[in-house]
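**Student:** Contents are compact mmCIF, C-alpha atoms; file name coords-v5.txt:
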# COMPACT_ATOMS: atom_id res chain seq x y z
CA MET L 30 62.31 193.52 90.60
CA VAL L 31 60.69 190.20 89.77
CA GLU L 32 62.05 190.56 86.23
CA ALA L 33 65.56 191.20 87.57
CA VAL L 34 65.44 188.15 89.83
CA ARG L 35 64.15 186.03 86.97
CA TRP L 36 66.90 187.33 84.67
CA LEU L 37 69.50 186.57 87.34
CA ARG L 38 68.17 183.03 87.80
CA GLU L 39 68.08 182.37 84.07
CA ASN L 40 71.67 183.61 83.71
CA SER L 41 73.05 182.44 87.04
CA LEU L 42 75.73 180.20 85.52
CA SER L 43 77.28 183.04 83.47
CA VAL L 44 76.93 185.54 86.34
CA ALA L 45 78.53 183.14 88.84
CA PHE L 46 81.52 182.51 86.55
CA LEU L 47 81.88 186.23 85.80
CA VAL L 48 82.00 187.01 89.54
CA LEU L 49 84.43 184.14 90.16
CA PHE L 50 86.60 185.37 87.27
CA LEU L 51 86.74 188.93 88.65
CA LEU L 52 87.51 187.73 92.18
CA THR L 53 90.26 185.36 91.05
CA VAL L 54 91.90 187.74 88.56
CA GLY L 55 91.90 190.43 91.30
CA GLY L 56 93.27 187.94 93.82
CA GLN L 57 96.01 187.00 91.36
CA ALA L 58 96.94 190.68 91.04
CA VAL L 59 97.23 191.11 94.83
CA ALA L 60 99.20 187.89 95.35
CA GLY L 61 101.35 188.57 92.29
CA LEU L 62 102.19 192.09 93.51
CA HIS L 63 103.36 190.77 96.87
CA GLU L 64 105.54 188.10 95.25
CA TYR L 65 106.96 190.59 92.74
CA ASN L 66 107.81 193.16 95.41
CA ASP L 67 109.32 190.49 97.63
CA GLN L 68 111.72 189.63 94.81
CA GLN L 69 112.43 193.30 94.11
CA LEU L 70 113.38 193.95 97.75
CA ALA L 71 115.55 190.81 97.84
CA GLN L 72 117.48 192.16 94.84
CA GLY L 73 117.89 195.62 96.38
CA LEU L 74 115.45 197.12 93.88
CA THR L 75 112.38 199.29 94.43
CA PRO L 76 108.92 197.80 95.11
CA ILE L 77 106.15 198.97 92.76
CA SER L 78 102.54 200.06 93.30
CA PHE L 79 99.45 197.92 92.65
CA PHE L 80 98.59 199.90 89.51
CA ALA L 81 102.15 199.70 88.20
CA TYR L 82 102.02 195.92 88.74
CA VAL L 83 98.71 195.31 86.93
CA ALA L 84 100.11 197.34 83.99
CA SER L 85 103.40 195.41 84.07
CA SER L 86 104.57 192.75 81.65
CA SER L 87 105.04 190.39 84.58
CA TYR L 88 101.30 190.41 85.39
CA ALA L 89 100.29 190.43 81.71
CA VAL L 90 102.31 187.32 80.85
CA ASP L 91 100.97 185.41 83.85
CA VAL L 92 97.38 186.26 82.85
CA ALA L 93 97.83 185.67 79.11
CA GLU L 94 99.60 182.31 79.43
CA ASN L 95 96.63 180.92 81.36
CA TRP L 96 94.05 182.44 79.03
CA GLN L 97 95.66 181.00 75.89
CA SER L 98 95.79 177.50 77.31
CA GLU L 99 92.14 177.59 78.42
CA TYR L 100 90.98 178.81 75.01
CA LEU L 101 93.20 176.23 73.30
CA GLN L 102 91.60 173.52 75.43
CA PHE L 103 88.06 174.57 74.51
CA PHE L 104 89.00 175.10 70.86
CA LEU L 105 90.47 171.59 70.60
CA PHE L 106 87.55 170.09 72.50
CA ILE L 107 85.04 171.78 70.20
CA MET L 108 86.88 170.85 67.00
CA LEU L 109 88.05 167.30 67.82
CA THR L 110 84.63 166.21 69.09
CA VAL L 111 83.28 166.84 65.57
CA TRP L 112 85.20 163.83 64.26
CA LEU L 113 86.53 161.88 67.26
CA VAL L 114 84.30 159.94 69.64
CA GLN L 115 84.51 158.20 72.99
CA LYS L 116 82.03 155.40 73.48
CA GLY L 117 80.17 155.81 76.78
CA SER L 118 81.09 159.47 77.32
CA PRO L 119 78.41 162.18 77.59
CA GLU L 120 81.02 164.55 76.07
CA SER L 121 81.01 162.57 72.82
CA LYS L 122 78.57 161.92 70.00
CA GLU L 123 77.51 158.40 69.06
CA PRO L 124 80.25 156.87 66.85
CA HIS L 125 77.96 156.79 63.78
CA ALA L 126 77.41 160.57 64.03
CA ALA L 127 81.11 161.47 63.66
CA GLY L 128 81.69 164.31 61.21
CA ALA L 129 79.95 167.56 60.26
CA GLU L 130 76.55 165.77 60.06
CA SER L 131 73.69 166.27 57.63
CA ASP L 132 71.88 169.57 56.98
CA GLU L 133 68.72 168.01 58.38
CA ARG L 134 70.34 167.04 61.67
CA GLN L 135 72.04 170.44 61.89
CA GLN L 136 68.74 172.26 61.13
CA ILE L 137 70.23 174.43 58.39
CA GLY L 138 69.08 175.62 54.97
CA ARG L 139 65.66 174.23 54.12
CA TYR L 140 65.67 172.20 57.35
CA ALA L 141 65.88 175.33 59.52
CA ASP L 142 63.08 176.02 61.96
CA ASP L 143 61.16 179.25 62.26
CA ASP L 144 63.18 180.21 65.32
CA SER L 145 66.55 179.18 63.82
CA PRO L 146 69.14 181.99 63.65
CA LYS L 147 68.94 183.99 60.42
CA TRP L 148 72.36 182.88 59.16
CA ALA L 149 71.36 179.21 59.59
CA ARG L 150 68.65 179.72 56.99
CA VAL L 151 70.89 181.22 54.28
CA LYS L 152 73.45 179.53 52.04
CA GLY L 153 77.04 180.42 51.12
CA PRO L 154 79.79 182.13 53.16
CA ARG L 155 77.42 183.39 55.86
CA LEU L 156 76.20 179.87 56.60
CA TRP L 157 79.79 178.54 56.63
CA LEU L 158 80.87 181.37 58.96
CA PHE L 159 77.97 180.84 61.36
CA SER L 160 78.37 177.05 61.21
CA ASN L 161 81.98 177.42 62.39
CA SER L 162 81.67 180.59 64.49
CA LEU L 163 82.25 178.98 67.89
CA GLY L 164 85.47 177.27 66.84
CA LEU L 165 86.66 180.33 64.91
CA VAL L 166 86.13 182.71 67.85
CA MET L 167 87.67 180.38 70.43
CA GLY L 168 90.61 179.70 68.11
CA THR L 169 91.10 183.40 67.44
CA ILE L 170 91.04 184.26 71.15
CA PHE L 171 93.60 181.48 71.72
CA LEU L 172 95.94 182.92 69.07
CA LEU L 173 95.55 186.50 70.35
CA SER L 174 96.15 185.39 73.96
CA TRP L 175 99.21 183.42 72.88
CA LEU L 176 100.48 186.45 70.96
CA ALA L 177 99.87 188.62 74.05
CA GLN L 178 101.77 186.04 76.11
CA SER L 179 104.72 186.21 73.72
CA VAL L 180 104.84 190.04 73.72
CA ALA L 181 104.39 190.45 77.47
CA GLY L 182 106.60 187.42 78.11
CA GLN L 183 109.47 188.92 76.11
CA ALA L 184 109.22 192.15 78.13
CA ALA L 185 109.12 190.32 81.49
CA TYR L 186 111.93 187.96 80.43
CA ASN L 187 114.14 190.83 79.26
CA SER L 188 113.54 192.73 82.48
CA GLU L 189 114.74 189.68 84.41
CA ARG L 190 117.72 189.25 82.09
CA LEU L 191 118.77 192.86 82.66
CA ILE L 192 118.50 192.36 86.43
CA ASP L 193 120.76 189.30 85.99
CA LEU L 194 123.25 191.42 83.96
CA ARG L 195 122.50 189.62 80.68
CA ASP L 196 121.65 190.91 77.21
CA PRO L 197 117.94 191.27 76.35
CA VAL L 198 116.64 189.06 73.51
CA SER L 199 114.52 189.77 70.41
CA TRP L 200 110.89 188.61 70.05
CA GLY L 201 112.01 185.95 67.55
CA THR L 202 114.59 184.60 69.98
CA TYR L 203 112.06 184.68 72.82
CA VAL L 204 109.37 182.66 71.00
CA THR L 205 111.93 179.92 70.31
CA SER L 206 113.30 180.02 73.86
CA ALA L 207 112.93 177.37 76.54
CA GLU L 208 111.21 179.98 78.78
CA PHE L 209 108.39 180.60 76.27
CA TRP L 210 107.80 176.92 75.53
CA ASN L 211 108.05 175.92 79.17
CA ARG L 212 105.37 178.50 80.03
CA SER L 213 103.16 177.29 77.15
CA LEU L 214 103.60 173.54 77.54
CA GLN L 215 103.22 173.47 81.32
CA ASN L 216 99.75 175.01 80.83
CA TRP L 217 98.83 172.86 77.83
CA GLN L 218 99.64 169.54 79.51
CA SER L 219 97.29 170.28 82.40
CA GLU L 220 94.48 171.28 80.02
CA MET L 221 94.86 168.10 77.98
CA LEU L 222 94.85 165.98 81.14
CA ALA L 223 91.71 167.75 82.41
CA VAL L 224 89.83 167.05 79.16
CA LEU L 225 91.01 163.44 79.10
CA SER L 226 89.84 163.00 82.69
CA MET L 227 86.44 164.54 81.92
CA VAL L 228 85.89 162.42 78.82
CA VAL L 229 86.91 159.13 80.46
CA LEU L 230 85.67 159.58 84.04
CA SER L 231 82.24 160.64 82.84
CA ILE L 232 81.80 157.19 81.28
CA TYR L 233 81.76 155.54 84.70
CA LEU L 234 81.06 158.32 87.21
CA ARG L 235 77.94 160.47 87.64
CA GLN L 236 77.03 163.87 89.08
CA ARG L 237 73.33 163.90 89.70
CA GLY L 238 71.63 166.90 88.11
CA SER L 239 74.66 168.10 86.11
CA PRO L 240 74.28 168.35 82.33
CA GLU L 241 77.99 167.50 82.14
CA SER L 242 77.15 164.00 83.45
CA LYS L 243 74.95 161.21 82.23
CA PRO L 244 71.82 160.52 84.29
CA VAL L 245 72.78 158.46 87.36
CA GLY L 246 70.98 155.41 86.06
CA ALA L 247 72.27 155.62 82.47
CA ALA L 248 74.33 152.66 81.25
CA HIS L 249 78.11 153.01 81.10
CA THR L 250 77.86 152.16 77.42
CA SER L 251 75.39 154.94 76.50
CA THR L 252 77.13 157.72 74.62
CA GLY L 253 76.19 161.39 74.16
CA VAL L 254 73.48 161.31 76.82
CA GLU L 255 73.48 164.29 79.18
CA GLY L 256 71.48 164.38 82.40
CA MET R 24 84.21 190.34 76.76
CA ARG R 25 87.68 188.86 77.12
CA LEU R 26 88.62 189.47 73.50
CA PRO R 27 88.81 193.29 73.75
CA LEU R 28 90.78 192.91 76.99
CA ILE R 29 93.35 190.70 75.32
CA VAL R 30 93.63 193.06 72.37
CA LEU R 31 94.06 195.95 74.80
CA ALA R 32 96.68 194.01 76.77
CA SER R 33 98.55 193.27 73.53
CA ALA R 34 98.35 196.89 72.43
CA LEU R 35 99.59 198.11 75.80
CA ALA R 36 102.39 195.60 75.77
CA VAL R 37 103.38 196.63 72.25
CA THR R 38 103.20 200.35 72.96
CA GLY R 39 105.07 199.70 76.19
CA CYS R 40 108.00 198.65 73.98
CA ALA R 41 108.68 202.28 73.07
CA PRO R 42 110.02 203.51 76.43
CA ASP R 43 112.13 206.54 77.34
CA THR R 44 115.69 205.57 76.41
CA GLY R 45 117.09 209.09 76.83
CA SER R 46 117.07 209.17 80.63
CA PRO R 47 119.13 206.00 81.25
CA ALA R 48 121.51 207.01 78.43
CA ARG R 49 122.08 210.42 80.04
CA ALA R 50 122.59 208.78 83.47
CA ALA R 51 125.26 206.49 81.98
CA GLU R 52 126.97 209.43 80.23
CA ARG R 53 126.94 211.53 83.42
CA PHE R 54 128.50 208.63 85.35
CA HIS R 55 131.36 208.32 82.89
CA ALA R 56 131.75 212.11 82.64
CA ALA R 57 132.18 212.24 86.44
CA LEU R 58 134.76 209.42 86.31
CA SER R 59 136.68 211.13 83.50
CA ALA R 60 136.74 214.37 85.50
CA GLY R 61 138.05 212.51 88.56
CA GLN R 62 134.83 213.27 90.44
CA THR R 63 134.52 209.79 91.92
CA GLN R 64 132.46 211.05 94.87
CA ALA R 65 129.86 212.36 92.42
CA ALA R 66 130.02 209.10 90.45
CA CYS R 67 129.41 207.13 93.65
CA ALA R 68 126.27 209.19 94.26
CA MET R 69 124.93 207.90 90.92
CA LEU R 70 125.29 204.23 91.91
CA ALA R 71 122.42 202.05 93.14
CA PRO R 72 122.61 201.71 96.96
CA GLU R 73 123.58 198.01 96.84
CA SER R 74 126.28 198.63 94.23
CA ALA R 75 127.78 201.53 96.24
CA GLU R 76 127.77 199.30 99.32
CA GLU R 77 129.35 196.27 97.61
CA LEU R 78 132.11 198.18 95.82
CA PRO R 79 134.67 199.23 98.47
CA ASP R 80 136.93 196.87 100.39
CA PRO R 81 136.75 197.10 104.20
CA GLY R 82 137.99 200.49 105.39
CA GLN R 83 137.88 201.93 101.88
CA SER R 84 135.48 204.60 100.62
CA CYS R 85 133.34 204.16 97.51
CA ALA R 86 135.14 207.08 95.85
CA ASP R 87 138.56 205.51 96.51
CA ALA R 88 137.38 202.15 95.17
CA LEU R 89 136.10 203.76 91.95
CA ARG R 90 139.39 205.66 91.54
CA GLU R 91 141.38 202.41 91.88
CA LEU R 92 139.37 200.76 89.10
CA ARG R 93 140.77 203.27 86.57
CA PHE R 94 137.81 203.26 84.19
CA GLY R 95 138.62 204.08 80.59
CA PRO R 96 136.59 206.68 78.68
CA GLY R 97 132.93 205.73 78.18
CA GLY R 98 132.57 207.33 74.77
CA ARG R 99 129.36 207.85 72.87
CA VAL R 100 126.11 205.95 73.41
CA THR R 101 125.74 203.18 70.82
CA GLU R 102 122.64 201.28 72.06
CA VAL R 103 120.04 201.56 74.79
CA SER R 104 117.58 198.82 75.86
CA VAL R 105 114.87 199.56 78.40
CA TRP R 106 112.59 196.79 79.72
CA GLY R 107 110.32 197.71 82.60
CA GLU R 108 112.34 199.39 85.33
CA ASP R 109 115.69 198.15 84.03
CA ALA R 110 118.01 199.26 81.28
CA GLN R 111 121.26 198.40 79.54
CA VAL R 112 123.29 201.22 78.04
CA ARG R 113 126.12 200.40 75.66
CA LEU R 114 128.78 203.07 75.26
CA ALA R 115 131.68 202.85 72.83
CA GLY R 116 133.97 201.98 75.77
CA ASP R 117 131.69 200.35 78.35
CA THR R 118 128.41 198.55 79.02
CA LEU R 119 126.28 199.59 82.00
CA PHE R 120 123.14 198.21 83.67
CA LEU R 121 120.74 200.62 85.34
CA HIS R 122 117.57 200.48 87.43
CA ARG R 123 114.90 203.16 87.80
CA PHE R 124 114.58 204.07 91.48
CA GLY R 125 112.14 206.57 92.97
CA ASP R 126 114.64 209.40 92.37
CA GLY R 127 115.57 208.36 88.82
CA TRP R 128 117.95 206.03 86.99
CA ARG R 129 120.95 204.72 88.94
CA ILE R 130 123.87 202.56 87.85
CA ARG R 131 123.68 198.97 89.12
CA ALA R 132 126.67 197.70 87.16
CA ALA R 133 129.48 199.30 85.15
CA GLY R 134 132.74 198.25 83.57
CA CYS R 135 130.98 195.19 82.19
CA THR R 136 132.39 192.73 79.68
CA PRO R 137 130.29 189.98 78.08
CA VAL R 138 130.80 186.32 79.01
CA ARG R 139 129.38 183.80 76.54
CA ASP R 140 126.02 182.36 77.78
CA LEU R 141 126.59 183.86 81.23
CA PRO R 142 125.93 187.23 82.93
CA TYR R 143 128.34 190.08 82.17
CA ASP R 144 131.45 190.29 84.31
CA CYS R 145 131.38 193.78 85.85
CA GLU R 146 133.92 195.85 87.79
CA VAL R 147 131.04 197.46 89.69
CA GLU R 148 127.93 195.41 90.47
CA ASP R 149 125.39 194.80 93.22
Could you express the structure from this file as structure tokens?
**Tutor:**
Amino acid sequence: MVEAVRWLRENSLSVAFLVLFLLTVGGQAVAGLHEYNDQQLAQGLTPISFFAYVASSSYAVDVAENWQSEYLQFFLFIMLTVWLVQKGSPESKEPHAAGAESDERQQIGRYADDDSPKWARVKGPRLWLFSNSLGLVMGTIFLLSWLAQSVAGQAAYNSERLIDLRDPVSWGTYVTSAEFWNRSLQNWQSEMLAVLSMVVLSIYLRQRGSPESKPVGAAHTSTGVEG
Amino acid sequence: MRLPLIVLASALAVTGCAPDTGSPARAAERFHAALSAGQTQAACAMLAPESAEELPDPGQSCADALRELRFGPGGRVTEVSVWGEDAQVRLAGDTLFLHRFGDGWRIRAAGCTPVRDLPYDCEVED
């Protein structure tokens, strides 16, 4: 019991976000079903069940378009902060540290510690793969989510086109359509703005106790310091 | 954890692209077979409720309205597209739009001709 409580405390951030994710994705399904069925009834068509809705292309495209943009945001943030800096931001490295950094600073190869991950101590493709694993996985999830958005989006779009007495379109036509790019770009712009806000506001503003902020008393000019 | 979910969602979406095209095709053929046989009452029974309601002029029955439209022969099925609960069936002599209701596929629109960049113009529609 004590072990379980300790485990929960040590992993509380992940657990909290997992619970919030499940609650919000479930809430989206319930709200989405009501909106979908409202439209169906208005068009003289049949409402569908909760399970039919969560298996529908309409729900899938709404979920996937948000996932891809979030993973794109984190992928870009991870990759661009390797080379680009913002003086005064805790989200940035010091300007002189821009780039992939030395083996010593990255604790790899002969500079690895005893408790360094195994693949940080080896050389060759395994070291390269592990050195870039976070960006690779986030980038891959982004691409898969975007692909899922395009597939589910085509199905949802064609269903709407048939209801409107129009011809369905091919996947190739869909991924070059205004609908697909409007869905993608409206999510991307908000993600880019959120990152910009975080990078810039954290120069001048503080959140006491948060590692995403500098210490309250840290100078506005100090960069890469997390509280 | 999200990665397998996305892969599953993609797989479901992809496999969902191989739906039953036979049922809407047969519904479209039966509709045109009834019209060809002069069984307009039976053809009306195959329409979606809104379409059957919209079709007749005041004081006219659905069957009379269908008879007045003088549909040509439907011919063979040339193409069927099914997306979710909706379908388009192209026959040699007509294009129809259908929706899957609780009791099966019903005709929402028939006697449709394409209009560039706009919805089809249909003799029967909801």
**Student:** Please tell me which residues are no farther than 8 Å from (107.9, 191.6, 69.0) in the file, counting all atoms listed in the file, and write them as a compact mmCIF listing (two decimals) with C-alpha atoms, in the frame of the given file.
**Tutor:**
# COMPACT_ATOMS: atom_id res chain seq x y z
CA SER L 179 104.72 186.21 73.72
CA VAL L 180 104.84 190.04 73.72
CA GLN L 183 109.47 188.92 76.11
CA SER L 199 114.52 189.77 70.41
CA TRP L 200 110.89 188.61 70.05
CA GLY L 201 112.01 185.95 67.55
CA VAL R 37 103.38 196.63 72.25
**Student:** As a ChimeraX atom specification, please: the residues near R:Glu73 (cut-off 7 Å, all atoms listed in the file, same-chain neighbours under 3 positions excluded).
**Tutor:** /L:73 /R:76-77,149
**Student:** What is the distance, in Å and to one decimal place, between atom CA of L:Asp142 and atom CA of L:Arg155?
**Tutor:**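 Pair atom CA of L:Asp142 / atom CA of L:Arg155 returns 17.2 Å.
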**Student:** Grab the atom CA of L:Asp193 to atom CA of R:Val138 distance for me, in Å with one decimal place.
**Tutor:**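 The value is 12.6 Å.
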**Student:** Can you measure atom CA of L:Ala127 to atom CA of L:Gln115 for me? One decimal in Å is fine.
**Tutor:**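 If I compute the distance from atom CA of L:Ala127 to atom CA of L:Gln115, I get 10.5 Å.
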**Student:** Could you give me, as a list in words, the residues within 10 Å of stretch 65-67 of chain R, counting only C-alpha atoms and dropping anything in the same chain fewer than 2 positions from it?
**Tutor:** Arg53, Phe54, His55, Ala56, Ala57, Leu58, Ser59, Ala60, Gly61, Gln62, Thr63, Met69, Leu70, Ala71, Pro72, Ser74, Ala75, Glu76, Leu78, Ser84, Cys85, Ala86, Asp87, Ala88, Leu89, Arg129 and Ile130 of chain R
**Student:** Should the cut-off be 8 Å, what would the residue list for chain L against chain R look like, counting only C-alpha atoms, as number ranges by chain?
**Tutor:** L: 73-75, 85-86, 89, 93, 170, 173-174, 176-177, 180-181, 184-185, 187-188, 191-197
**Student:** Any idea what's packed within 12 Å of stretch 224-227 of chain L, counting all atoms listed in the file, ignoring anything in its chain fewer than 3 positions away? Could you give it as number ranges by chain?
**Tutor:** L: 99, 101-107, 109-110, 115, 117-121, 217-221, 230-236, 241-243
